[in-house]
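Have a look at input05.txt below; it lists compact mmCIF, C-alpha atoms.
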```txt
# COMPACT_ATOMS: atom_id res chain seq x y z
CA MET B 1 -20.17 10.01 -16.57
CA SER B 2 -18.94 9.44 -13.05
CA ASP B 3 -15.79 10.66 -11.32
CA TRP B 4 -13.20 8.12 -12.35
CA THR B 5 -10.24 10.26 -11.25
CA VAL B 6 -10.04 8.10 -8.10
CA LEU B 7 -8.18 5.65 -10.33
CA GLY B 8 -5.21 8.03 -10.20
CA THR B 9 -2.97 7.91 -13.26
CA LEU B 10 -5.06 5.24 -14.99
CA ARG B 11 -7.36 5.96 -17.91
CA ALA B 12 -10.80 4.47 -17.32
CA VAL B 13 -13.43 3.54 -19.86
CA PRO B 14 -17.07 2.54 -19.34
CA ALA B 15 -16.92 -0.91 -17.76
CA LEU B 16 -19.32 -2.52 -20.22
CA ASP B 17 -17.06 -1.40 -23.10
CA ARG B 18 -14.34 -3.75 -21.78
CA PRO B 19 -15.96 -7.00 -20.63
CA ASP B 20 -12.53 -8.63 -20.97
CA LEU B 21 -11.51 -6.61 -17.89
CA LEU B 22 -14.39 -7.93 -15.78
CA GLY B 23 -14.98 -11.15 -13.92
CA GLU B 24 -17.88 -13.07 -15.44
CA PRO B 25 -20.27 -12.46 -12.48
CA VAL B 26 -19.34 -8.76 -12.54
CA ALA B 27 -20.03 -8.39 -16.27
CA HIS B 28 -23.37 -10.17 -15.83
CA ALA B 29 -24.35 -7.92 -12.89
CA LEU B 30 -23.38 -4.72 -14.72
CA LYS B 31 -25.47 -5.75 -17.73
CA ALA B 32 -28.44 -6.29 -15.39
CA LEU B 33 -28.19 -2.75 -13.97
CA ASP B 34 -30.24 0.13 -15.28
CA PRO B 35 -28.18 1.42 -18.26
CA ALA B 36 -27.85 4.87 -16.64
CA ASP B 37 -26.31 3.23 -13.55
CA ALA B 38 -24.04 0.96 -15.59
CA GLU B 39 -22.63 4.04 -17.36
CA LEU B 40 -21.43 5.35 -13.98
CA VAL B 41 -19.01 2.42 -13.62
CA GLY B 42 -15.56 2.79 -15.12
CA VAL B 43 -12.86 0.16 -15.49
CA ALA B 44 -9.11 0.46 -15.91
CA GLU B 45 -6.55 -2.23 -16.65
CA ILE B 46 -3.79 -2.72 -14.07
CA ASP B 47 -0.80 -4.95 -13.49
CA PRO B 48 -2.30 -8.03 -11.74
CA GLY B 49 0.70 -8.07 -9.41
CA LEU B 50 -0.47 -4.70 -8.08
CA ALA B 51 -4.07 -5.70 -7.30
CA ASP B 52 -3.64 -5.51 -3.52
CA THR B 53 -4.95 -2.16 -2.32
CA ALA B 54 -1.79 -0.61 -0.86
CA GLU B 55 0.35 -1.59 -3.85
CA PHE B 56 -2.33 -0.44 -6.31
CA CYS B 57 -2.71 2.96 -4.64
CA ALA B 58 1.04 3.54 -4.48
CA ALA B 59 1.69 2.48 -8.08
CA TYR B 60 -1.18 4.41 -9.68
CA SER B 61 -1.48 7.46 -7.35
CA SER B 62 -4.98 6.47 -6.31
CA PRO B 63 -5.98 7.84 -2.89
CA LEU B 64 -6.11 5.07 -0.28
CA GLU B 65 -9.04 6.78 1.46
CA ARG B 66 -11.10 6.44 -1.76
CA SER B 67 -10.45 2.71 -2.16
CA ALA B 68 -12.99 0.26 -0.78
CA ASN B 69 -12.29 -3.36 0.04
CA CYS B 70 -14.84 -6.12 -0.26
CA VAL B 71 -14.44 -8.92 2.26
CA VAL B 72 -16.44 -12.14 2.38
CA VAL B 73 -17.54 -13.21 5.84
CA ALA B 74 -18.72 -16.66 6.89
CA GLY B 75 -20.97 -16.81 9.93
CA ARG B 76 -21.95 -20.01 11.68
CA ARG B 77 -24.86 -20.94 13.90
CA GLY B 78 -25.12 -24.62 14.64
CA GLY B 79 -24.41 -26.51 11.42
CA ASP B 80 -25.54 -23.61 9.22
CA THR B 81 -23.03 -21.34 7.45
CA ARG B 82 -24.20 -17.94 6.22
CA TYR B 83 -22.21 -15.68 3.96
CA ALA B 84 -22.17 -11.92 3.57
CA ALA B 85 -19.93 -9.40 1.86
CA CYS B 86 -18.78 -6.18 3.47
CA LEU B 87 -17.63 -3.08 1.60
CA VAL B 88 -15.50 -0.78 3.74
CA LEU B 89 -12.97 1.94 3.03
CA ALA B 90 -9.41 0.62 2.77
CA THR B 91 -8.42 2.83 5.70
CA THR B 92 -10.77 0.85 7.98
CA ARG B 93 -11.54 -2.75 8.93
CA ALA B 94 -14.94 -4.41 8.88
CA ASP B 95 -16.44 -5.05 12.33
CA VAL B 96 -16.80 -8.77 11.63
CA ASN B 97 -17.25 -9.98 15.20
CA GLY B 98 -19.71 -7.24 16.14
CA LEU B 99 -21.98 -5.67 13.55
CA VAL B 100 -21.54 -8.29 10.83
CA ARG B 101 -21.99 -11.27 13.15
CA ARG B 102 -25.21 -9.79 14.54
CA ARG B 103 -26.52 -8.78 11.10
CA ILE B 104 -26.17 -12.31 9.72
CA ASP B 105 -27.46 -13.81 12.99
CA ALA B 106 -24.39 -15.95 13.57
CA ARG B 107 -22.90 -17.20 16.80
CA LYS B 108 -19.41 -17.04 15.27
CA ALA B 109 -18.16 -15.02 12.27
CA SER B 110 -14.82 -14.76 10.49
CA PHE B 111 -13.36 -14.02 7.10
CA ALA B 112 -14.34 -16.80 4.74
CA PRO B 113 -11.48 -19.09 3.72
CA MET B 114 -9.94 -17.91 0.43
CA ASP B 115 -10.87 -21.07 -1.46
CA ASP B 116 -14.50 -20.79 -0.34
CA ALA B 117 -14.72 -17.09 -1.21
CA VAL B 118 -13.28 -17.69 -4.69
CA ALA B 119 -15.46 -20.73 -5.40
CA LEU B 120 -18.68 -19.14 -4.13
CA THR B 121 -18.25 -15.76 -5.86
CA GLY B 122 -16.71 -16.99 -9.12
CA MET B 123 -14.16 -14.18 -8.79
CA GLU B 124 -10.38 -14.16 -8.41
CA TYR B 125 -8.78 -13.75 -5.00
CA GLY B 126 -7.66 -10.13 -4.79
CA GLY B 127 -10.40 -9.10 -7.21
CA ILE B 128 -13.53 -10.09 -5.25
CA THR B 129 -15.94 -7.21 -5.36
CA ALA B 130 -19.41 -6.02 -4.35
CA VAL B 131 -20.73 -6.19 -7.92
CA GLY B 132 -22.00 -9.62 -8.95
CA LEU B 133 -22.17 -11.36 -5.60
CA PRO B 134 -24.15 -14.57 -5.27
CA GLU B 135 -27.91 -14.09 -5.12
CA GLY B 136 -29.27 -13.79 -1.60
CA TRP B 137 -26.03 -12.64 0.00
CA PRO B 138 -26.30 -9.52 2.11
CA LEU B 139 -23.93 -6.76 1.00
CA LEU B 140 -23.15 -4.60 3.99
CA VAL B 141 -21.88 -1.20 2.83
CA ASP B 142 -20.22 1.12 5.32
CA ALA B 143 -21.93 4.53 5.44
CA ALA B 144 -18.61 6.22 4.58
CA VAL B 145 -18.43 4.22 1.32
CA ALA B 146 -22.03 5.11 0.47
CA ALA B 147 -21.30 8.80 1.07
CA ALA B 148 -18.14 8.90 -1.08
CA PRO B 149 -18.43 10.69 -4.43
CA ALA B 150 -16.49 7.80 -6.00
CA VAL B 151 -14.60 4.73 -4.81
CA VAL B 152 -12.22 2.21 -6.36
CA ILE B 153 -13.21 -1.45 -5.97
CA GLY B 154 -12.23 -4.77 -7.47
CA SER B 155 -13.53 -5.99 -10.82
CA GLY B 156 -13.74 -9.73 -10.22
CA ILE B 157 -10.22 -10.22 -11.63
CA ARG B 158 -6.79 -9.04 -10.49
CA GLY B 159 -6.04 -7.31 -13.79
CA SER B 160 -8.35 -4.30 -13.41
CA LYS B 161 -10.19 -2.00 -11.00
CA LEU B 162 -13.61 -0.38 -11.09
CA ALA B 163 -14.55 3.17 -10.14
CA LEU B 164 -18.13 4.04 -9.22
CA PRO B 165 -20.10 6.44 -7.03
CA GLY B 166 -20.52 5.31 -3.43
CA GLU B 167 -24.25 5.84 -3.68
CA LEU B 168 -24.38 3.30 -6.51
CA ALA B 169 -22.53 0.76 -4.37
CA ALA B 170 -25.22 1.33 -1.73
CA ARG B 171 -27.93 0.46 -4.28
CA LEU B 172 -26.42 -2.81 -5.54
CA PRO B 173 -28.53 -5.97 -5.10
CA GLY B 174 -28.68 -7.04 -1.46
CA ALA B 175 -27.01 -3.82 -0.26
CA GLU B 176 -27.68 -2.37 3.15
CA VAL B 177 -25.89 0.74 4.39
CA VAL B 178 -24.49 0.16 7.89
CA GLU B 179 -23.22 3.02 10.04
CA GLY B 180 -19.95 2.16 11.77
CA LEU B 181 -19.28 -1.03 9.78
CA GLY B 182 -15.74 0.13 9.05
CA ARG B 183 -13.66 0.93 12.09
```
Output the file's structure in the form of structure tokens.
Amino acid sequence: MSDWTVLGTLRAVPALDRPDLLGEPVAHALKALDPADAELVGVAEIDPGLADTAEFCAAYSSPLERSANCVVVAGRRGGDTRYAACLVLATTRADVNGLVRRRIDARKASFAPMDDAVALTGMEYGGITAVGLPEGWPLLVDAAVAAAPAVVIGSGIRGSKLALPGELAARLPGAEVVEGLGR
């Protein structure tokens, strides 16, 4: 079992025990993990109105510095659009116009429009997470997230949160640990 205390006052259960609390791509990705890794991921039900990080942390006594946000970035070069996801601690911001832009070899990079991010990931806005991203997308994980004993992330829906070790986040499909990604 992993350290799920980062979820504060919430009671977590193994994520695969509650597929109803997972976005479809997230449930699929967790089932594809090695069973020992999947057991490290906990899920807890929350009020969907409290899915935004600051509100979630305040309502459930979860430490802000142990929450990680997943942002979808769209980079453009010519007529080509490339997508990537970034996982950074909630106390930082992803270096979209520096590290991310260079990593995805884009001339211009910005946060993907909400409608695009939702449609491409198959996840709810406010619940988009690093688990279950589209195949081939780079997942850039800040070194501070990878080093954390446990972090809270989205679950693919607004009605729950996941807790998992940072080192597991760094081993998800397409993941690459990037020093200084979160500033």
Residue among B:Ala106, B:Ala90, B:Leu21, B:Leu99 lying closest to Val43 (chain B), counting only C-alpha atoms: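 For Val43 (chain B), the nearest of the candidates is B:Leu21.
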Selected residue, from B:Leu162, B:Val152, B:Val88, B:Cys70, that lies nearest to Ile128 (chain B) when counting all atoms listed in the file: B:Cys70
Non-local contacts of Val6 (chain B) (12 Å; all atoms listed in the file; under 4 positions in same chain excluded) as a ChimeraX atom specification: /B:2,10-12,41-44,56-57,60-68,148-153,161-166
Length of the CA of Gly79 (chain B) to CA of Asn97 (chain B) vector [Å]: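 Here the two named atoms are 18.4 Å from each other.
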Report the closest atom pair, with its distance in Å rounded to one decimal, for each residue of region 27-84 of chain B that has an atom no farther than 7 Å from region 108-115 of chain B; count only C-alpha atoms, sort by chain and then rising residue number, and write it as a tab-separated table.
```
residue	atom	partner	partner_atom	distance
B:Val72	CA	B:Ala112	CA	5.6
B:Val73	CA	B:Phe111	CA	4.4
B:Ala74	CA	B:Ala112	CA	4.9
B:Gly75	CA	B:Ala109	CA	4.1
B:Arg76	CA	B:Lys108	CA	5.3
B:Arg77	CA	B:Lys108	CA	6.8
```
Which of B:Glu135, B:Asp17, B:Asp142, B:Glu45 sits closest to Tyr83 (chain B) [using only C-alpha atoms]: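 The answer is B:Glu135, which sits nearest to Tyr83 (chain B).
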CA of Gly78 (chain B) to CA of Thr129 (chain B), straight-line distance in Å: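 These two atoms are separated by 28.1 Å.
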Spatial neighbours of Arg171 (chain B), max dist 12 Å, only C-alpha atoms, sep filter under 2 positions, as a list of chain:residue names: B:Leu33, B:Asp34, B:Asp37, B:Ala38, B:Ala130, B:Val131, B:Pro138, B:Leu139, B:Leu140, B:Val141, B:Val145, B:Ala146, B:Ala147, B:Leu164, B:Pro165, B:Gly166, B:Glu167, B:Leu168, B:Ala169, B:Pro173, B:Gly174, B:Ala175, B:Glu176, B:Val177
